[in-house]
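Novice: Sharing input_12.cif here; it has mmCIF, C-alpha atoms.
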```
data_protein
#
loop_
_atom_site.label_atom_id
_atom_site.label_comp_id
_atom_site.auth_asym_id
_atom_site.auth_seq_id
_atom_site.Cartn_x
_atom_site.Cartn_y
_atom_site.Cartn_z
CA MET A 141 32.24 0.67 -36.67
CA PHE A 142 31.59 4.06 -35.04
CA LYS A 143 28.69 4.73 -37.43
CA ILE A 144 27.20 1.31 -36.70
CA MET A 145 27.40 1.96 -32.95
CA MET A 146 25.76 5.35 -33.39
CA LEU A 147 22.97 3.82 -35.45
CA MET A 148 22.41 1.15 -32.80
CA ALA A 149 22.31 3.79 -30.07
CA SER A 150 19.82 5.85 -32.06
CA PHE A 151 17.63 2.79 -32.56
CA ILE A 152 17.66 2.02 -28.84
CA LEU A 153 16.76 5.61 -27.94
CA LEU A 154 13.99 5.62 -30.54
CA SER A 155 12.62 2.36 -29.15
CA VAL A 156 12.64 3.66 -25.59
CA SER A 157 10.96 6.93 -26.62
CA SER A 158 8.31 5.07 -28.60
CA HIS A 159 7.64 2.72 -25.72
CA ALA A 160 7.38 5.60 -23.26
CA ASP A 161 4.89 7.45 -25.44
CA GLU A 162 2.70 4.43 -26.16
CA PHE A 163 -0.68 4.77 -24.46
CA LYS A 164 -1.56 1.42 -22.94
CA PRO A 165 -2.95 2.19 -19.46
CA ILE A 166 -3.72 -0.30 -16.72
CA ILE A 167 -4.99 -0.20 -13.15
CA VAL A 168 -4.47 -3.12 -10.78
CA TYR A 169 -6.81 -3.35 -7.78
CA GLN A 170 -6.41 -5.31 -4.58
CA GLY A 171 -9.69 -7.12 -3.94
CA LYS A 172 -13.03 -6.71 -5.71
CA ILE A 173 -13.73 -3.23 -6.99
CA GLU A 174 -17.28 -3.10 -5.66
CA GLU A 175 -16.18 -4.07 -2.14
CA ASN A 176 -13.97 -1.02 -1.55
CA SER A 177 -15.22 2.57 -1.79
CA PHE A 178 -11.74 3.73 -2.85
CA SER A 179 -11.75 1.32 -5.80
CA VAL A 180 -15.32 2.24 -6.74
CA ALA A 181 -14.33 5.90 -7.05
CA ILE A 182 -11.35 5.00 -9.24
CA HIS A 183 -13.48 2.80 -11.48
CA LYS A 184 -15.92 5.67 -12.01
CA GLY A 185 -13.04 7.77 -13.34
CA VAL A 186 -12.13 4.99 -15.76
CA GLU A 187 -15.73 4.70 -16.94
CA ARG A 188 -15.91 8.44 -17.55
CA PHE A 189 -12.66 8.36 -19.54
CA GLU A 190 -13.80 5.43 -21.67
CA ALA A 191 -17.19 7.04 -22.35
CA LYS A 192 -15.52 10.30 -23.35
CA THR A 193 -12.76 8.93 -25.58
CA GLY A 194 -13.92 5.48 -26.68
CA GLU A 195 -10.54 4.13 -25.57
CA LYS A 196 -9.97 1.45 -22.97
CA CYS A 197 -8.05 1.36 -19.72
CA ALA A 198 -7.33 -2.19 -18.58
CA GLU A 199 -8.53 -3.03 -15.07
CA VAL A 200 -7.36 -6.09 -13.17
CA GLU A 201 -8.44 -7.40 -9.77
CA VAL A 202 -5.99 -9.45 -7.69
CA GLY A 203 -5.96 -10.95 -4.20
CA MET A 204 -5.29 -9.05 -1.01
CA THR A 205 -1.62 -9.87 -0.46
CA PHE A 206 0.91 -7.26 -1.50
CA LYS A 207 2.99 -9.96 -3.23
CA GLU A 208 0.08 -10.74 -5.56
CA TYR A 209 -0.26 -7.06 -6.30
CA ILE A 210 3.44 -6.50 -7.06
CA ASP A 211 3.70 -9.69 -9.11
CA THR A 212 0.77 -8.54 -11.26
CA VAL A 213 2.10 -5.01 -11.71
CA THR A 214 5.48 -6.49 -12.69
CA GLU A 215 3.81 -8.77 -15.22
CA TYR A 216 2.11 -5.89 -16.99
CA ALA A 217 5.17 -3.66 -16.81
CA ASP A 218 7.11 -6.44 -18.55
CA LYS A 219 4.37 -6.55 -21.20
CA GLY A 220 4.89 -2.87 -21.99
CA TYR A 221 1.80 -1.35 -20.41
CA SER A 222 2.09 2.40 -19.76
CA PRO A 223 0.97 4.33 -17.85
CA ILE A 224 0.60 1.97 -14.92
CA PHE A 225 -1.37 3.27 -11.95
CA LEU A 226 0.16 2.44 -8.58
CA LEU A 227 -2.87 2.92 -6.34
CA TYR A 228 -1.22 1.97 -3.07
CA GLY A 229 1.92 4.08 -3.22
CA ASN A 230 1.69 5.01 0.45
CA HIS A 231 2.06 1.30 1.29
CA PHE A 232 4.83 0.64 -1.25
CA PRO A 233 8.20 1.17 0.50
CA ASP A 234 10.28 -0.04 -2.46
CA MET A 235 8.51 2.03 -5.09
CA VAL A 236 11.58 4.03 -6.13
CA SER A 237 13.74 0.97 -6.82
CA PHE A 238 10.79 -0.66 -8.62
CA VAL A 239 10.05 2.21 -11.02
CA ARG A 240 13.75 2.63 -11.79
CA LYS A 241 13.72 -0.87 -13.30
CA TYR A 242 11.30 0.46 -15.93
CA PRO A 243 12.65 3.89 -16.96
CA ALA A 244 10.61 3.91 -20.20
CA THR A 245 7.33 3.24 -18.38
CA ARG A 246 5.13 5.98 -16.98
CA PHE A 247 3.79 5.37 -13.47
CA ILE A 248 0.92 7.36 -11.97
CA VAL A 249 0.54 7.29 -8.19
CA LEU A 250 -2.17 8.61 -5.90
CA ASP A 251 -1.55 10.50 -2.67
CA THR A 252 2.18 9.81 -2.73
CA VAL A 253 4.97 11.99 -4.11
CA ARG A 254 8.20 10.49 -5.46
CA ASP A 255 10.82 12.62 -7.22
CA GLU A 256 11.41 10.26 -10.14
CA PRO A 257 11.25 11.31 -13.82
CA ASN A 258 8.76 8.57 -14.75
CA VAL A 259 6.47 8.96 -11.70
CA TYR A 260 3.53 11.36 -11.75
CA SER A 261 1.62 12.07 -8.55
CA PHE A 262 -1.99 13.12 -8.13
CA VAL A 263 -2.61 14.08 -4.51
CA LEU A 264 -6.08 14.69 -3.10
CA ALA A 265 -6.14 16.91 -0.03
CA ASP A 266 -8.25 14.58 2.07
CA HIS A 267 -7.05 16.37 5.21
CA GLU A 268 -9.04 19.42 4.07
CA GLY A 269 -12.21 17.37 3.58
CA SER A 270 -11.59 15.60 6.90
CA PHE A 271 -11.37 19.01 8.61
CA LEU A 272 -14.94 19.73 7.50
CA ALA A 273 -16.03 16.28 8.69
CA GLY A 274 -14.47 16.91 12.10
CA ALA A 275 -16.09 20.33 12.38
CA LEU A 276 -19.53 18.88 11.60
CA ALA A 277 -18.94 16.00 14.02
CA ALA A 278 -18.11 18.45 16.81
CA MET A 279 -21.25 20.47 16.07
CA SER A 280 -23.32 17.28 16.32
CA SER A 281 -21.70 15.61 19.34
CA LYS A 282 -23.52 15.65 22.66
CA SER A 283 -20.86 13.74 24.58
CA ASN A 284 -17.91 15.87 23.41
CA LYS A 285 -16.17 12.65 22.47
CA LEU A 286 -15.56 11.53 18.87
CA GLY A 287 -13.97 8.48 17.27
CA PHE A 288 -11.76 7.76 14.27
CA ILE A 289 -11.12 4.26 12.88
CA SER A 290 -8.73 3.12 10.18
CA ILE A 291 -6.61 0.08 9.35
CA VAL A 292 -2.85 0.47 8.90
CA ASP A 293 -1.23 3.12 11.07
CA THR A 294 0.66 5.15 8.45
CA ASP A 295 1.29 8.85 7.93
CA PHE A 296 -1.18 8.74 5.06
CA GLN A 297 -4.03 7.40 7.23
CA ARG A 298 -3.11 9.83 9.98
CA ARG A 299 -3.61 12.62 7.48
CA PHE A 300 -7.35 11.83 7.66
CA LEU A 301 -7.21 11.64 11.45
CA CYS A 302 -5.26 14.87 11.84
CA GLY A 303 -7.58 16.83 9.56
CA TYR A 304 -10.60 15.42 11.41
CA SER A 305 -9.16 16.29 14.80
CA GLN A 306 -8.21 19.83 13.72
CA GLY A 307 -11.73 20.45 12.42
CA ALA A 308 -13.32 19.13 15.61
CA LYS A 309 -11.10 21.26 17.84
CA TYR A 310 -11.71 24.32 15.66
CA ILE A 311 -15.34 24.08 16.82
CA ASN A 312 -14.67 22.83 20.36
CA PRO A 313 -11.08 22.98 21.67
CA ASP A 314 -12.01 20.69 24.57
CA ILE A 315 -13.47 17.86 22.50
CA GLU A 316 -11.76 14.46 22.70
CA VAL A 317 -10.98 12.39 19.61
CA LEU A 318 -10.41 8.68 20.18
CA GLU A 319 -8.31 6.94 17.53
CA GLY A 320 -8.01 3.31 16.49
CA PHE A 321 -6.12 1.30 13.86
CA THR A 322 -6.95 -2.36 13.45
CA GLY A 323 -3.50 -3.25 12.05
CA SER A 324 -1.75 -4.65 9.00
CA TYR A 325 -2.54 -8.27 8.13
CA PRO A 326 -3.94 -10.14 5.12
CA GLY A 327 -7.49 -9.03 4.46
CA ALA A 328 -7.37 -6.20 7.01
CA TRP A 329 -8.95 -3.68 4.66
CA PHE A 330 -12.04 -5.89 4.40
CA ASP A 331 -12.21 -7.06 8.04
CA GLY A 332 -15.47 -5.49 9.11
CA ASN A 333 -15.58 -7.58 12.28
CA ALA A 334 -12.43 -5.88 13.54
CA THR A 335 -13.61 -2.33 12.76
CA ALA A 336 -17.08 -3.02 14.24
CA ARG A 337 -15.50 -4.25 17.50
CA MET A 338 -13.36 -1.13 17.64
CA ALA A 339 -16.41 1.07 17.03
CA ASP A 340 -18.28 -0.66 19.85
CA LYS A 341 -15.35 -0.10 22.18
CA MET A 342 -15.26 3.61 21.34
CA MET A 343 -19.01 3.92 21.83
CA ASP A 344 -18.63 2.21 25.21
CA GLN A 345 -16.15 4.99 26.04
CA GLY A 346 -18.71 7.62 25.11
CA ALA A 347 -17.99 8.44 21.45
CA ASP A 348 -21.20 9.45 19.72
CA VAL A 349 -19.78 10.27 16.26
CA ILE A 350 -17.23 8.02 14.53
CA PHE A 351 -15.41 8.75 11.28
CA GLN A 352 -14.19 5.69 9.41
CA ALA A 353 -11.39 5.78 6.82
CA ALA A 354 -11.18 2.03 6.55
CA GLY A 355 -11.82 0.98 2.96
CA GLY A 356 -13.89 -2.17 2.62
CA ALA A 357 -13.96 -2.57 6.42
CA GLY A 358 -15.50 0.86 6.85
CA PRO A 359 -19.21 0.16 6.25
CA ALA A 360 -19.18 -2.13 9.30
CA VAL A 361 -18.42 0.93 11.43
CA LEU A 362 -21.44 2.75 10.01
CA LYS A 363 -23.60 -0.31 10.71
CA ALA A 364 -22.33 -0.59 14.30
CA CYS A 365 -23.10 3.09 14.89
CA ALA A 366 -26.59 2.71 13.42
CA GLU A 367 -27.35 -0.28 15.64
CA ARG A 368 -26.55 1.74 18.75
CA GLY A 369 -28.14 5.00 17.69
CA ARG A 370 -24.85 6.84 17.22
CA LEU A 371 -23.59 8.72 14.17
CA GLY A 372 -21.07 7.51 11.63
CA ILE A 373 -19.19 9.35 8.89
CA GLY A 374 -18.48 7.68 5.55
CA VAL A 375 -15.44 8.09 3.34
CA ASP A 376 -14.26 8.19 -0.30
CA ILE A 377 -17.75 8.05 -1.84
CA ASN A 378 -21.19 9.13 -0.61
CA GLN A 379 -22.19 6.48 1.93
CA ASN A 380 -25.06 8.45 3.50
CA SER A 381 -27.62 6.05 2.07
CA LEU A 382 -26.14 2.97 3.75
CA HIS A 383 -27.93 3.83 7.00
CA PRO A 384 -30.12 6.89 6.40
CA GLY A 385 -30.57 9.01 9.47
CA THR A 386 -27.46 7.76 11.26
CA VAL A 387 -24.71 8.60 8.75
CA LEU A 388 -23.95 12.22 9.60
CA THR A 389 -22.11 12.82 6.32
CA SER A 390 -19.48 11.32 4.04
CA MET A 391 -16.05 12.80 3.40
CA VAL A 392 -15.94 12.27 -0.34
CA LYS A 393 -12.76 12.20 -2.36
CA HIS A 394 -13.43 12.72 -6.03
CA THR A 395 -10.72 10.25 -6.93
CA ASP A 396 -12.66 9.71 -10.14
CA LYS A 397 -11.71 13.28 -11.15
CA ALA A 398 -8.03 12.59 -10.52
CA ILE A 399 -8.12 9.32 -12.47
CA TYR A 400 -10.00 10.92 -15.36
CA ALA A 401 -7.57 13.87 -15.47
CA ALA A 402 -4.56 11.56 -15.30
CA LEU A 403 -5.84 9.38 -18.15
CA MET A 404 -6.69 12.36 -20.34
CA LEU A 405 -3.27 13.96 -19.80
CA ALA A 406 -1.48 10.65 -20.40
CA ARG A 407 -3.47 10.04 -23.58
CA ARG A 408 -2.34 13.43 -24.89
CA GLY A 409 1.25 12.82 -23.81
CA ILE A 410 1.27 15.78 -21.44
CA TRP A 411 3.80 15.35 -18.62
CA ARG A 412 4.70 18.95 -17.82
CA ASP A 413 5.29 18.28 -14.14
CA ASN A 414 5.20 15.31 -11.83
CA TYR A 415 2.83 16.59 -9.16
CA LYS A 416 -0.78 17.82 -9.10
CA ARG A 417 -2.68 18.61 -5.91
CA LEU A 418 -6.47 18.75 -5.78
CA GLY A 419 -8.37 19.98 -2.73
CA LEU A 420 -11.37 21.99 -1.59
CA GLU A 421 -10.58 24.75 -4.06
CA GLN A 422 -10.89 22.30 -6.98
CA GLU A 423 -13.95 20.62 -5.37
CA ALA A 424 -11.98 17.37 -5.33
CA VAL A 425 -12.80 16.71 -1.66
CA GLY A 426 -15.64 17.72 0.61
CA ILE A 427 -18.56 16.49 2.69
CA VAL A 428 -22.04 15.58 1.47
CA PHE A 429 -25.46 16.94 2.31
CA ASP A 430 -28.44 15.13 0.81
CA GLU A 431 -31.87 13.73 1.59
CA HIS A 432 -30.37 10.98 3.76
CA ASN A 433 -28.82 13.30 6.35
CA LYS A 434 -31.07 16.36 6.04
CA ASN A 435 -32.64 15.71 9.45
CA LEU A 436 -29.21 15.55 11.08
CA VAL A 437 -27.77 18.83 9.80
CA THR A 438 -29.43 22.18 10.44
CA GLU A 439 -29.22 25.15 8.11
CA GLU A 440 -27.05 26.91 10.68
CA MET A 441 -24.61 23.98 10.69
CA ARG A 442 -24.43 23.97 6.90
CA ASN A 443 -23.77 27.70 6.86
CA ARG A 444 -20.95 27.31 9.39
CA ILE A 445 -19.40 24.53 7.32
CA GLU A 446 -19.59 26.64 4.16
CA ASN A 447 -17.93 29.52 5.97
CA ILE A 448 -15.11 27.23 7.13
CA ARG A 449 -14.71 25.83 3.61
CA LYS A 450 -14.30 29.33 2.19
CA LYS A 451 -11.72 30.21 4.84
CA ILE A 452 -9.67 27.13 3.97
CA VAL A 453 -9.79 27.93 0.26
CA LEU A 454 -8.75 31.54 0.95
CA GLY A 455 -5.93 30.45 3.23
CA GLU A 456 -7.47 31.99 6.34
CA ILE A 457 -7.52 28.53 7.90
CA ILE A 458 -4.44 26.39 7.31
CA VAL A 459 -5.06 22.67 7.66
CA HIS A 460 -1.91 20.87 8.75
CA GLU A 461 -0.80 18.13 6.33
CA TYR A 462 0.44 15.21 8.40
CA THR A 463 2.47 13.52 5.65
CA GLU A 464 4.53 16.69 5.21
CA LYS A 465 5.23 17.01 8.93
CA PRO A 466 4.19 13.97 11.00
CA VAL A 467 2.82 15.72 14.04
CA CYS A 468 -0.78 16.79 14.56
CA PRO A 469 -1.42 20.13 16.30
CA ASN A 470 -3.72 19.85 19.33
CA HIS A 471 -4.10 16.09 18.89
CA ASP A 472 -0.77 14.36 19.48
CA LYS A 473 0.15 14.09 23.13
#
```
The structure given in the file should be rewritten as structure tokens.
Specialist:
Amino acid sequence: MFKIMMLMASFILLSVSSHADEFKPIIVYQGKIEENSFSVAIHKGVERFEAKTGEKCAEVEVGMTFKEYIDTVTEYADKGYSPIFLLYGNHFPDMVSFVRKYPATRFIVLDTVRDEPNVYSFVLADHEGSFLAGALAAMSSKSNKLGFISIVDTDFQRRFLCGYSQGAKYINPDIEVLEGFTGSYPGAWFDGNATARMADKMMDQGADVIFQAAGGAGPAVLKACAERGRLGIGVDINQNSLHPGTVLTSMVKHTDKAIYAALMLARRGIWRDNYKRLGLEQEAVGIVFDEHNKNLVTEEMRNRIENIRKKIVLGEIIVHEYTEKPVCPNHDK
């Protein structure tokens, strides 16, 4: 009987190990990929991986409610997909209890760290890129008043705001940074009407440069700024071409690099640690200069930004990370 039990135990362990090592990746998106700059960047990473390896990563689009998202992730976890990318970890309060239900499944999360053996985090230092965006905004502002617009008021979104504010105040300690969050409700991340109204309100208060970190609702901010002759700042991907001459820059996150790296490591079965951070040093974040904003940024401004970038990389400038300590130096009152 003892031998039979040992054989059964060995079979179970073998099955779990085999399931854990099976490469069957999937990414579940909320909303249409092409309608959200964050999703577009992720999809580019998938395309690069598929072109390089000839293997497929399943991609599924679901509705905007979190229940739809969780139900779909659960469905594919039950089907044995692994690794599963949890793109919205910073909005997933029950993540730990969820992943513990599937100990043999690998989960890859972005911009969220969870100390679980089957969770692997890829964190992009968007606060570093936002610092550069804030510095450039302060150099460009004539009113000494800037704006920041996002959706859900979380520590993760405030990481963008805090980096932006630190960069602005590095250039001008007296500059004011207005902040606005439209709120959490179904479809909020695509509600351009709400973000445009908020942008108009900030411009009425004197803001002449507004940074949006608002997903699918973000381009409406850039449009509102363009219509009133003010400057907007894009996010996630290069959005300078949306309104040439009025988009000061875009704070790009090369999420495609993180997705590509995660897929390549998972394909090779490499899980040496459960955390990888990518920032200015790895060129995973930054701001964009191109033909669409060349008339807005002088050579002197570009040189100052490059000097600041080098100082951050060398550790001469330390950019506070809001999610590690939720207080923003020189911004919070």
Novice: Could you work out how far CA of Ala353 (chain A) lies from CA of Arg298 (chain A), giving the answer in Å with one decimal?
Specialist: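 So the two atoms, CA of Arg298 (chain A) and CA of Ala353 (chain A), lie 9.7 Å apart.
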Novice: Which residues are close to Thr335 (chain A), i.e. within 8 Å by all atoms listed in the file, leaving aside same-chain residues fewer than 6 positions away? Reply as a list in words.
Specialist: Ile289, Ser290, Thr322, Ala354, Ala357, Gly358, Ala360 and Val361 of chain A
Novice: Run through the PyMOL selection byres ((chain A and resi 397-406) around 7) on the given coordinates and return the selected residues as a ChimeraX atom specification.
Specialist: /A:182,185-186,188-189,262,394-396,407-410
Novice: Please write as a list of chain:residue names the list of polymer residues whose atoms come within 10 Å of (-23.6, -0.5, 4.2), counting only C-alpha atoms and keeping to the coordinates of the file.
Specialist: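 The distance filter leaves exactly A:Gly356, A:Gly358, A:Pro359, A:Ala360, A:Val361, A:Leu362, A:Lys363, A:Gly374, A:Gln379, A:Asn380, A:Ser381, A:Leu382, A:His383.
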Novice: For C-alpha atoms, I'd like the residues from the last selection saved as a PDB file, in the coordinates of the input.
Specialist:
```
ATOM      1  CA  GLY A 356     -13.890  -2.170   2.620  1.00  0.00           C
ATOM      2  CA  GLY A 358     -15.500   0.860   6.850  1.00  0.00           C
ATOM      3  CA  PRO A 359     -19.210   0.160   6.250  1.00  0.00           C
ATOM      4  CA  ALA A 360     -19.180  -2.130   9.300  1.00  0.00           C
ATOM      5  CA  VAL A 361     -18.420   0.930  11.430  1.00  0.00           C
ATOM      6  CA  LEU A 362     -21.440   2.750  10.010  1.00  0.00           C
ATOM      7  CA  LYS A 363     -23.600  -0.310  10.710  1.00  0.00           C
ATOM      8  CA  GLY A 374     -18.480   7.680   5.550  1.00  0.00           C
ATOM      9  CA  GLN A 379     -22.190   6.480   1.930  1.00  0.00           C
ATOM     10  CA  ASN A 380     -25.060   8.450   3.500  1.00  0.00           C
ATOM     11  CA  SER A 381     -27.620   6.050   2.070  1.00  0.00           C
ATOM     12  CA  LEU A 382     -26.140   2.970   3.750  1.00  0.00           C
ATOM     13  CA  HIS A 383     -27.930   3.830   7.000  1.00  0.00           C
TER      14      HIS A 383
END
```
Novice: Compare A:Ile167, A:Gly220, A:Ser261, A:Lys416 by their minimum atom-to-atom distance to Pro243 (chain A), counting all atoms listed in the file, and give me the closest one.
Specialist: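 The answer is A:Gly220, which sits nearest to Pro243 (chain A).
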Novice: For Met204 (chain A), which residue out of A:Gly229, A:Gly320, A:Gly287, A:Pro326 is the nearest one, using all atoms listed in the file?
Specialist: A:Pro326
Novice: Leaving out region 376-378 of chain A and any residue of its chain fewer than 3 positions from it, which residues lie within 9 Å of it when counting all atoms listed in the file, given as a list in words?
Specialist: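 Surrounding residues, per the criterion: Ser177, Phe178, Val180, Ala181, Ala353, Gly355, Ser381, Thr389, Ser390, Met391, Val392, Lys393, His394, Thr395, Val425, Ile427 and Val428 of chain A.
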Novice: From (-2.5, 18.2, 0.6), in the file's coordinates, out to 9 Å: which residues are reached, counting only C-alpha atoms? Answer as a PyMOL selection string.
Specialist: chain A and resi 251+263-268+299+417-419+459-464
Novice: Applying the PyMOL selection byres ((chain A and resi 371) around 10) to the file I just gave you, which residues come out? Please list them as an mmCIF file with C-alpha atoms, in the coordinates of the input.
Specialist:
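selection08.cif was written with the following content:
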```
data_model
loop_
_atom_site.group_PDB
_atom_site.id
_atom_site.type_symbol
_atom_site.label_atom_id
_atom_site.label_comp_id
_atom_site.auth_asym_id
_atom_site.auth_seq_id
_atom_site.Cartn_x
_atom_site.Cartn_y
_atom_site.Cartn_z
ATOM 1 C CA ALA A 277 -18.940 16.000 14.020
ATOM 2 C CA SER A 280 -23.320 17.280 16.320
ATOM 3 C CA SER A 281 -21.700 15.610 19.340
ATOM 4 C CA LEU A 286 -15.560 11.530 18.870
ATOM 5 C CA ALA A 347 -17.990 8.440 21.450
ATOM 6 C CA ASP A 348 -21.200 9.450 19.720
ATOM 7 C CA VAL A 349 -19.780 10.270 16.260
ATOM 8 C CA ILE A 350 -17.230 8.020 14.530
ATOM 9 C CA PHE A 351 -15.410 8.750 11.280
ATOM 10 C CA VAL A 361 -18.420 0.930 11.430
ATOM 11 C CA LEU A 362 -21.440 2.750 10.010
ATOM 12 C CA LYS A 363 -23.600 -0.310 10.710
ATOM 13 C CA ALA A 364 -22.330 -0.590 14.300
ATOM 14 C CA CYS A 365 -23.100 3.090 14.890
ATOM 15 C CA ALA A 366 -26.590 2.710 13.420
ATOM 16 C CA GLU A 367 -27.350 -0.280 15.640
ATOM 17 C CA ARG A 368 -26.550 1.740 18.750
ATOM 18 C CA GLY A 369 -28.140 5.000 17.690
ATOM 19 C CA ARG A 370 -24.850 6.840 17.220
ATOM 20 C CA GLY A 372 -21.070 7.510 11.630
ATOM 21 C CA ILE A 373 -19.190 9.350 8.890
ATOM 22 C CA HIS A 383 -27.930 3.830 7.000
ATOM 23 C CA GLY A 385 -30.570 9.010 9.470
ATOM 24 C CA THR A 386 -27.460 7.760 11.260
ATOM 25 C CA VAL A 387 -24.710 8.600 8.750
ATOM 26 C CA LEU A 388 -23.950 12.220 9.600
ATOM 27 C CA THR A 389 -22.110 12.820 6.320
ATOM 28 C CA LEU A 436 -29.210 15.550 11.080
#
```
Novice: Just to confirm, what's the straight-line distance from CA of Thr205 (chain A) to CA of Arg246 (chain A) in Å (one decimal)?
Specialist: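 Interatomic distance, CA of Thr205 (chain A) to CA of Arg246 (chain A): 23.9 Å.
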Novice: Identify all residues satisfying the PyMOL selection byres ((chain A and resi 444-455) around 8) in the given file; provide them as an MDAnalysis selection string.
Specialist: chainID A and resid 268 272 275:276 420:421 440:443 456:459
Novice: Taking all atoms of region 441-451 of chain A that the file lists and extending 5 Å past them on each side, where is the centre of the axis-aligned box and how long are its edges? Answer in Å to one decimal, as JSON.
Specialist:
```
{"center_x": -18.2, "center_y": 27.1, "center_z": 6.4, "size_x": 22.9, "size_y": 16.2, "size_z": 18.5}
```
Novice: So the first atom is CA of Phe321 (chain A) and the second is CA of Val236 (chain A); what is the distance between them in Å, to one decimal place?
Specialist: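 Taking CA of Phe321 (chain A) and CA of Val236 (chain A), their separation equals 26.8 Å.
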